[in-house]
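Structure file my_file_24.csv (CSV, C-alpha atoms) is printed below.
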chain,number,residue,atom,x,y,z
J,21,MET,CA,0.0,0.0,0.0
J,22,THR,CA,1.3,3.4,-0.9
J,23,LEU,CA,0.7,6.5,1.3
J,24,SER,CA,2.4,9.0,-0.9
J,25,ASN,CA,2.8,12.8,-0.4
J,26,ALA,CA,0.8,13.3,-3.6
J,27,ARG,CA,-2.2,11.3,-2.3
J,28,LEU,CA,-2.1,13.2,1.1
J,29,ASP,CA,-1.9,16.6,-0.7
J,30,ALA,CA,-4.9,15.6,-2.8
J,31,VAL,CA,-6.9,14.7,0.2
J,32,ARG,CA,-6.1,18.0,1.9
J,33,ALA,CA,-7.0,19.9,-1.2
J,34,VAL,CA,-10.4,18.2,-1.6
J,35,ALA,CA,-11.1,18.7,2.1
J,36,GLU,CA,-10.4,22.4,1.7
J,37,ALA,CA,-12.2,23.0,-1.6
J,38,GLY,CA,-15.1,20.7,-1.1
J,39,SER,CA,-14.9,19.2,-4.6
J,40,TYR,CA,-12.5,17.5,-7.0
J,41,ALA,CA,-12.7,20.4,-9.4
J,42,GLY,CA,-11.9,23.0,-6.7
J,43,ALA,CA,-9.0,20.8,-5.4
J,44,ALA,CA,-7.7,20.5,-9.0
J,45,ARG,CA,-7.6,24.3,-9.3
J,46,LEU,CA,-5.8,24.6,-5.9
J,47,MET,CA,-3.2,22.1,-7.0
J,48,ASN,CA,-3.0,23.3,-10.6
J,49,VAL,CA,-3.6,19.7,-11.9
J,50,THR,CA,-6.5,18.0,-13.7
J,51,GLN,CA,-9.7,16.9,-11.9
J,52,PRO,CA,-9.2,13.2,-12.9
J,53,ALA,CA,-5.7,13.3,-11.4
J,54,VAL,CA,-7.1,14.5,-8.0
J,55,SER,CA,-10.0,12.1,-8.0
J,56,ALA,CA,-7.7,9.2,-8.9
J,57,GLN,CA,-5.4,9.9,-6.0
J,58,VAL,CA,-8.3,10.1,-3.4
J,59,ARG,CA,-10.2,7.1,-4.7
J,60,GLY,CA,-7.1,5.0,-5.0
J,61,LEU,CA,-6.2,5.8,-1.4
J,62,GLU,CA,-9.8,4.9,-0.2
J,63,ALA,CA,-9.7,1.6,-2.3
J,64,GLU,CA,-6.3,0.5,-1.0
J,65,TYR,CA,-7.1,1.1,2.6
J,66,GLY,CA,-10.8,0.2,2.5
J,67,VAL,CA,-11.9,3.5,4.1
J,68,ARG,CA,-14.3,6.4,3.3
J,69,LEU,CA,-12.7,9.8,3.4
J,70,PHE,CA,-15.6,12.0,2.0
J,71,LEU,CA,-19.3,12.0,2.0
J,72,ARG,CA,-21.5,13.8,-0.4
J,73,ASP,CA,-23.8,16.5,1.1
J,74,SER,CA,-25.8,18.9,-1.1
J,75,GLY,CA,-23.2,18.6,-3.9
J,76,ARG,CA,-20.2,19.0,-1.7
J,77,LEU,CA,-17.6,16.5,-0.6
J,78,VAL,CA,-17.6,16.6,3.2
J,79,PRO,CA,-14.6,15.1,5.0
J,80,THR,CA,-15.3,12.2,7.4
J,81,GLY,CA,-13.8,12.2,10.9
J,82,LEU,CA,-11.1,9.9,9.7
J,83,CYS,CA,-10.3,12.3,6.9
J,84,LEU,CA,-10.0,15.3,9.2
J,85,LYS,CA,-7.5,13.4,11.4
J,86,LEU,CA,-5.6,12.3,8.3
J,87,CYS,CA,-5.5,16.0,7.1
J,88,ASP,CA,-4.1,17.0,10.5
J,89,SER,CA,-1.3,14.4,10.2
J,90,ALA,CA,-0.7,15.3,6.6
J,91,GLU,CA,-0.4,19.0,7.5
J,92,ARG,CA,2.2,18.2,10.2
J,93,MET,CA,4.1,16.1,7.6
J,94,ALA,CA,4.0,19.0,5.1
J,95,GLU,CA,5.4,21.4,7.7
J,96,ALA,CA,8.1,18.9,8.5
J,97,ARG,CA,9.0,18.7,4.8
J,98,ASP,CA,9.0,22.4,4.5
J,99,GLU,CA,11.3,22.7,7.5
J,100,ALA,CA,13.6,20.1,6.1
J,101,GLU,CA,13.8,22.0,2.8
J,102,ARG,CA,14.5,25.2,4.6
J,103,LEU,CA,17.3,23.5,6.5
J,104,LEU,CA,18.8,22.2,3.3
J,105,LEU,CA,18.5,25.6,1.6
J,106,SER,CA,20.1,27.4,4.6
J,107,ARG,CA,23.2,25.4,3.9
J,108,SER,CA,23.2,25.4,0.2
J,109,SER,CA,21.5,28.4,-1.4
J,110,LEU,CA,23.6,31.4,-2.2
J,111,ARG,CA,20.4,33.4,-2.5
J,112,GLU,CA,18.7,32.7,0.8
J,113,GLY,CA,21.1,30.6,3.0
J,114,LYS,CA,22.6,31.2,6.4
J,115,ILE,CA,26.1,30.8,7.8
J,116,THR,CA,27.5,31.3,11.3
J,117,ILE,CA,31.1,32.4,11.6
J,118,GLY,CA,33.2,32.5,14.7
J,119,LEU,CA,35.9,35.2,15.1
J,120,GLY,CA,38.8,35.3,17.5
J,121,ASN,CA,40.0,38.6,16.2
J,122,ALA,CA,38.0,41.3,14.5
J,123,MET,CA,40.5,41.5,11.7
J,124,PRO,CA,41.2,40.1,9.1
J,125,GLY,CA,38.2,37.9,9.6
J,126,MET,CA,35.7,40.8,9.3
J,127,ALA,CA,37.3,41.9,6.0
J,128,VAL,CA,36.6,38.4,4.6
J,129,ILE,CA,33.0,38.6,5.9
J,130,ALA,CA,32.6,42.0,4.2
J,131,ALA,CA,33.9,40.6,0.9
J,132,PHE,CA,31.6,37.6,1.2
J,133,HIS,CA,28.6,39.8,1.9
J,134,ARG,CA,29.4,41.9,-1.2
J,135,ALA,CA,29.6,38.8,-3.3
J,136,TYR,CA,26.6,36.9,-1.9
J,137,PRO,CA,24.2,39.5,-0.3
J,138,GLY,CA,21.4,37.0,0.0
J,139,VAL,CA,23.1,34.9,2.5
J,140,THR,CA,22.3,35.8,6.2
J,141,LEU,CA,25.4,36.1,8.3
J,142,LYS,CA,25.7,35.5,12.0
J,143,VAL,CA,29.0,36.3,13.8
J,144,GLU,CA,30.1,34.9,17.1
J,145,THR,CA,33.2,36.3,18.9
J,146,GLY,CA,35.3,34.8,21.6
J,147,SER,CA,38.6,33.2,22.6
J,148,HIS,CA,40.5,30.7,20.6
J,149,GLN,CA,39.2,28.0,22.8
J,150,LYS,CA,35.6,29.1,22.6
J,151,ILE,CA,35.6,29.4,18.8
J,152,THR,CA,37.4,26.1,18.2
J,153,ARG,CA,34.8,24.4,20.4
J,154,ALA,CA,32.0,26.1,18.6
J,155,VAL,CA,33.2,24.7,15.2
J,156,LEU,CA,33.7,21.2,16.7
J,157,THR,CA,30.1,21.2,18.1
J,158,HIS,CA,28.6,22.7,14.9
J,159,GLU,CA,27.5,25.9,16.6
J,160,CYS,CA,29.7,27.7,14.0
J,161,ASP,CA,30.0,26.6,10.4
J,162,ILE,CA,33.3,28.5,9.9
J,163,GLY,CA,36.0,29.7,12.3
J,164,VAL,CA,38.6,32.4,11.7
J,165,LEU,CA,41.6,32.2,14.2
J,166,PRO,CA,45.3,32.4,14.3
J,167,ASP,CA,47.4,29.4,15.2
J,168,VAL,CA,44.9,26.8,14.1
J,169,PRO,CA,46.5,23.3,14.6
J,170,ALA,CA,47.1,21.0,11.6
J,171,ASP,CA,44.2,18.7,12.8
J,172,PRO,CA,42.8,16.2,10.3
J,173,ARG,CA,39.3,17.1,11.6
J,174,PHE,CA,39.7,20.6,10.0
J,175,ARG,CA,39.6,21.9,6.5
J,176,ARG,CA,41.9,25.0,6.6
J,177,GLU,CA,42.7,28.0,4.4
J,178,PRO,CA,45.5,30.3,5.5
J,179,LEU,CA,44.3,33.8,5.3
J,180,ALA,CA,47.0,36.3,6.4
J,181,GLY,CA,50.3,36.1,8.2
J,182,SER,CA,50.4,37.6,11.6
J,183,GLU,CA,52.6,37.9,14.7
J,184,VAL,CA,52.1,39.0,18.3
J,185,ILE,CA,53.2,42.6,19.1
J,186,ALA,CA,53.3,44.6,22.4
J,187,ILE,CA,51.2,47.7,22.8
J,188,ALA,CA,52.1,50.5,25.2
J,189,PRO,CA,50.7,53.9,26.1
J,190,PRO,CA,52.0,56.7,23.8
J,191,GLY,CA,53.8,58.3,26.7
J,192,HIS,CA,55.7,55.2,27.7
J,193,PRO,CA,59.5,55.2,27.1
J,194,PHE,CA,59.1,52.1,24.8
J,195,ALA,CA,56.7,54.1,22.5
J,196,ARG,CA,59.8,55.6,20.8
J,197,LYS,CA,61.5,52.3,20.2
J,198,PRO,CA,60.9,50.4,16.9
J,199,GLU,CA,61.4,47.1,18.7
J,200,VAL,CA,61.6,45.8,22.3
J,201,THR,CA,63.0,42.6,23.8
J,202,ALA,CA,61.4,40.0,26.0
J,203,ALA,CA,63.8,40.8,28.8
J,204,ALA,CA,62.8,44.5,28.7
J,205,LEU,CA,59.1,43.6,28.7
J,206,ALA,CA,59.5,41.3,31.7
J,207,ARG,CA,60.6,44.3,33.8
J,208,GLU,CA,57.4,46.2,33.0
J,209,PRO,CA,53.9,45.9,34.5
J,210,LEU,CA,52.2,43.5,32.1
J,211,ILE,CA,48.6,42.8,31.2
J,212,PHE,CA,47.9,39.3,30.0
J,213,ARG,CA,44.9,37.6,28.4
J,214,ALA,CA,43.1,34.6,30.0
J,215,SER,CA,44.5,31.1,29.3
J,216,GLY,CA,42.1,30.3,26.5
J,217,SER,CA,43.5,33.0,24.3
J,218,SER,CA,45.8,32.3,21.3
J,219,THR,CA,47.5,35.6,22.0
J,220,GLN,CA,48.5,34.5,25.5
J,221,ARG,CA,49.7,31.1,24.3
J,222,ALA,CA,52.0,32.8,21.9
J,223,VAL,CA,53.2,35.3,24.6
J,224,ASP,CA,53.8,32.4,27.0
J,225,ARG,CA,55.9,30.5,24.4
J,226,MET,CA,57.9,33.6,23.7
J,227,PHE,CA,58.8,34.2,27.3
J,228,SER,CA,59.5,30.5,27.9
J,229,ARG,CA,62.0,30.4,25.0
J,230,ALA,CA,63.7,33.5,26.4
J,231,GLY,CA,64.0,31.7,29.8
J,232,LEU,CA,61.7,34.2,31.5
J,233,ASP,CA,58.6,33.7,33.6
J,234,PRO,CA,57.1,37.2,34.2
J,235,GLN,CA,53.8,37.5,36.2
J,236,PRO,CA,51.1,39.9,35.1
J,237,PHE,CA,49.6,42.3,37.5
J,238,LEU,CA,46.3,42.2,35.5
J,239,THR,CA,44.6,39.4,33.5
J,240,LEU,CA,41.7,40.2,31.3
J,241,ASP,CA,39.3,37.9,29.3
J,242,ALA,CA,38.6,40.2,26.4
J,243,ARG,CA,40.9,41.9,23.9
J,244,ASP,CA,39.0,45.1,24.0
J,245,GLY,CA,39.4,45.3,27.8
J,246,LEU,CA,43.1,44.8,27.4
J,247,TYR,CA,43.3,47.5,24.8
J,248,GLU,CA,41.5,50.0,27.0
J,249,ALA,CA,43.7,49.1,30.0
J,250,VAL,CA,46.8,50.0,28.0
J,251,VAL,CA,45.1,53.2,26.6
J,252,ASN,CA,44.6,54.2,30.3
J,253,GLY,CA,48.2,53.7,31.2
J,254,LEU,CA,47.9,50.6,33.3
J,255,GLY,CA,50.7,48.6,31.6
J,256,ILE,CA,51.9,46.8,28.5
J,257,GLY,CA,49.7,44.3,26.7
J,258,PHE,CA,49.9,42.0,23.7
J,259,LEU,CA,47.9,41.6,20.5
J,260,TRP,CA,48.1,39.8,17.2
J,261,ARG,CA,49.3,42.5,14.8
J,262,GLU,CA,46.3,42.1,12.5
J,263,SER,CA,43.7,41.6,15.2
J,264,THR,CA,42.2,45.1,15.2
J,265,SER,CA,42.2,48.1,12.9
J,266,ARG,CA,42.3,50.4,15.9
J,267,THR,CA,45.5,52.6,16.2
J,268,ASP,CA,44.3,55.2,18.7
J,269,GLY,CA,45.9,55.6,22.2
J,270,VAL,CA,48.7,53.0,21.9
J,271,ALA,CA,52.1,52.5,20.4
J,272,ARG,CA,52.5,49.2,18.6
J,273,LEU,CA,55.9,47.5,19.2
J,274,ALA,CA,57.6,44.7,17.5
J,275,ILE,CA,59.2,42.1,19.8
J,276,ALA,CA,62.7,40.8,18.9
J,277,GLU,CA,62.0,37.3,20.1
J,278,MET,CA,58.8,37.1,18.0
J,279,ARG,CA,60.8,37.4,14.7
J,280,GLY,CA,60.2,34.2,12.7
J,281,LEU,CA,57.5,33.0,15.1
J,282,GLY,CA,54.6,34.3,13.1
J,283,THR,CA,51.6,32.2,12.2
J,284,HIS,CA,48.6,32.6,10.0
J,285,GLU,CA,45.1,33.8,10.6
J,286,THR,CA,43.2,30.8,9.2
J,287,VAL,CA,39.7,30.1,8.0
J,288,PHE,CA,38.7,26.6,9.1
J,289,SER,CA,35.7,24.3,9.3
J,290,LEU,CA,35.1,20.7,10.0
J,291,ALA,CA,36.5,18.5,7.3
J,292,GLU,CA,33.1,16.9,6.6
J,293,SER,CA,31.4,20.3,6.2
J,294,GLU,CA,30.1,20.6,2.7
J,295,GLY,CA,27.7,22.9,0.8
J,296,ARG,CA,27.8,25.8,-1.6
J,297,ILE,CA,27.9,28.4,1.1
J,298,VAL,CA,30.8,26.9,3.0
J,299,ASP,CA,32.7,26.4,-0.3
J,300,ALA,CA,31.9,30.0,-1.4
J,301,PHE,CA,33.3,31.4,1.9
J,302,PHE,CA,36.5,29.4,1.5
J,303,GLY,CA,36.8,30.8,-2.0
J,304,ILE,CA,36.5,34.4,-0.8
J,305,ALA,CA,39.0,33.6,1.9
J,306,ARG,CA,41.4,32.2,-0.7
J,307,SER,CA,41.2,35.2,-2.9
J,308,THR,CA,41.5,37.6,0.1
J,309,GLY,CA,44.5,35.8,1.5
J,310,ALA,CA,46.2,35.8,-1.9
J,311,ALA,CA,45.6,39.5,-2.2
J,312,ARG,CA,47.0,40.4,1.3
J,313,GLY,CA,50.0,38.1,1.2
J,314,PRO,CA,51.9,36.9,4.3
J,315,ALA,CA,53.1,39.3,7.0
J,316,PRO,CA,56.9,39.7,7.3
J,317,GLY,CA,58.4,36.9,9.3
J,318,ALA,CA,55.2,34.8,9.2
J,319,VAL,CA,55.4,31.1,8.7
J,320,PRO,CA,52.6,28.6,7.9
J,321,ALA,CA,50.7,27.3,11.0
Would you mind writing the structure in this file as structure tokens?
Amino acid sequence: MTLSNARLDAVRAVAEAGSYAGAARLMNVTQPAVSAQVRGLEAEYGVRLFLRDSGRLVPTGLCLKLCDSAERMAEARDEAERLLLSRSSLREGKITIGLGNAMPGMAVIAAFHRAYPGVTLKVETGSHQKITRAVLTHECDIGVLPDVPADPRFRREPLAGSEVIAIAPPGHPFARKPEVTAAALAREPLIFRASGSSTQRAVDRMFSRAGLDPQPFLTLDARDGLYEAVVNGLGIGFLWRESTSRTDGVARLAIAEMRGLGTHETVFSLAESEGRIVDAFFGIARSTGAARGPAPGAVPA
């Protein structure tokens, strides 16, 4: 026995229109096609779905229950179609992107939006740890982070070279130096990021290679908070060079021990992630990364 979508749609249309002719107009098919679907269903299951009353086809109690079930099934089909479209259609799809740094990820998002304005974008921000976890748990379709590991679970596209720099208040003696050393930094009041930050991991590695273990006087979760702390003269902090387009209120300082230790901002997703929208985002990232080129001293992650 066959309970097809076409038969259920025909039953619903007849129940709404009150006749085979009216249902045929609703469905934009012929009247014999509608009546054949309904009568075939009644014959196969040995049931009565409609009674004639004053020239109208009136649904039986069984038919009304069947129509309720059919409507729920149709809604489920529509939702399934919307879900598939949201991951495939470049006209009406959706994508969620996780950013560790505002730049250069936001530049890629802007380029993607210009190319595909019909796709709805949602952006999550957070630490390296938070964004990586969001990609692994499918909360984000795409992540953009520095220092993404060469993990077989990930599809990766290097975006732009970057390295960690120090930032100091403009009035600080270091502000006039083109470069500072780890030893000189270790003698200053330092502002660190929380342990889930890729910036802090790079800073910790840098000090460890220099045989130093400075302790911060202030630790902050957010990059913006760290930036404002430096602007207000509380100490020296650290950022990825390309992490923000802001230049106000701080001096940006290269660190001697960071030379040659650069990495890449990387667009990544789960390796099994497929679909036209994800592929399109990687394509925009590839062209954007090629246009920018690597930062001096940067090496592949």
Pairwise distance for atom CA of J:Gly255 and atom CA of J:Ala206, rounded to one decimal in Å: 11.4 Å
Non-local contacts of J:Ala53 (10 Å; only C-alpha atoms; under 3 positions in same chain excluded) as an MDAnalysis selection string: chainID J and resid 27 30 40 44 49:50 56:58
Quick one: everything within 6 Å of J:Phe70, counting all atoms listed in the file, minus sequence neighbours fewer than 6 positions away in the same chain. Send it as a PDB file with C-alpha atoms, in the frame of the given file.
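What landed in around_22.pdb:
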ATOM      1  CA  LEU J  77     -17.600  16.500  -0.600  1.00  0.00           C
ATOM      2  CA  VAL J  78     -17.600  16.600   3.200  1.00  0.00           C
ATOM      3  CA  PRO J  79     -14.600  15.100   5.000  1.00  0.00           C
ATOM      4  CA  THR J  80     -15.300  12.200   7.400  1.00  0.00           C
TER       5      THR J  80
END
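For the choices J:Gly60, J:Ala203, J:Gly245, J:Ser182, the atom-to-atom distance to J:Asp233 is smallest for J:Ala203 when using all atoms listed in the file.
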Who sits within 9 Å of J:Ser265, all atoms listed in the file, same chain under 3 positions skipped, as a PyMOL selection string: chain J and resi 122-124+262
Distance of atom CA of J:Glu183 from atom CA of J:Gly253, expressed in Å to one decimal place: 23.3 Å
Using all atoms listed in the file, find each residue in stretch 84-154 of chain J having at least one atom no more than 12 Å away from stretch 266-290 of chain J; report its shortest atom-to-atom pair and that distance in Å (one decimal), rows by chain then rising number, as a tab-separated table.
residue	atom	partner	partner_atom	distance
J:Ile115	CA	J:Ser289	CA	11.7
J:Thr116	CA	J:Ser289	CA	11.0
J:Ile117	CA	J:Ser289	CA	9.6
J:Gly118	CA	J:Val287	CA	9.6
J:Leu119	CA	J:Val287	CA	9.5
J:Gly120	CA	J:Glu285	CA	9.5
J:Asn121	CA	J:Glu285	CA	9.0
J:Ala122	CA	J:Arg266	CA	10.2
J:Met123	CA	J:Glu285	CA	9.0
J:Pro124	CA	J:Glu285	CA	7.6
J:Gly125	CA	J:Glu285	CA	8.1
J:Met126	CA	J:Val287	CA	11.5
J:Val128	CA	J:Val287	CA	9.5
J:Ile129	CA	J:Val287	CA	11.0
J:His148	CA	J:Glu285	CA	11.4
J:Ile151	CA	J:Phe288	CA	10.6
J:Thr152	CA	J:Phe288	CA	9.2
J:Arg153	CA	J:Leu290	CA	11.0
J:Ala154	CA	J:Ser289	CA	10.2
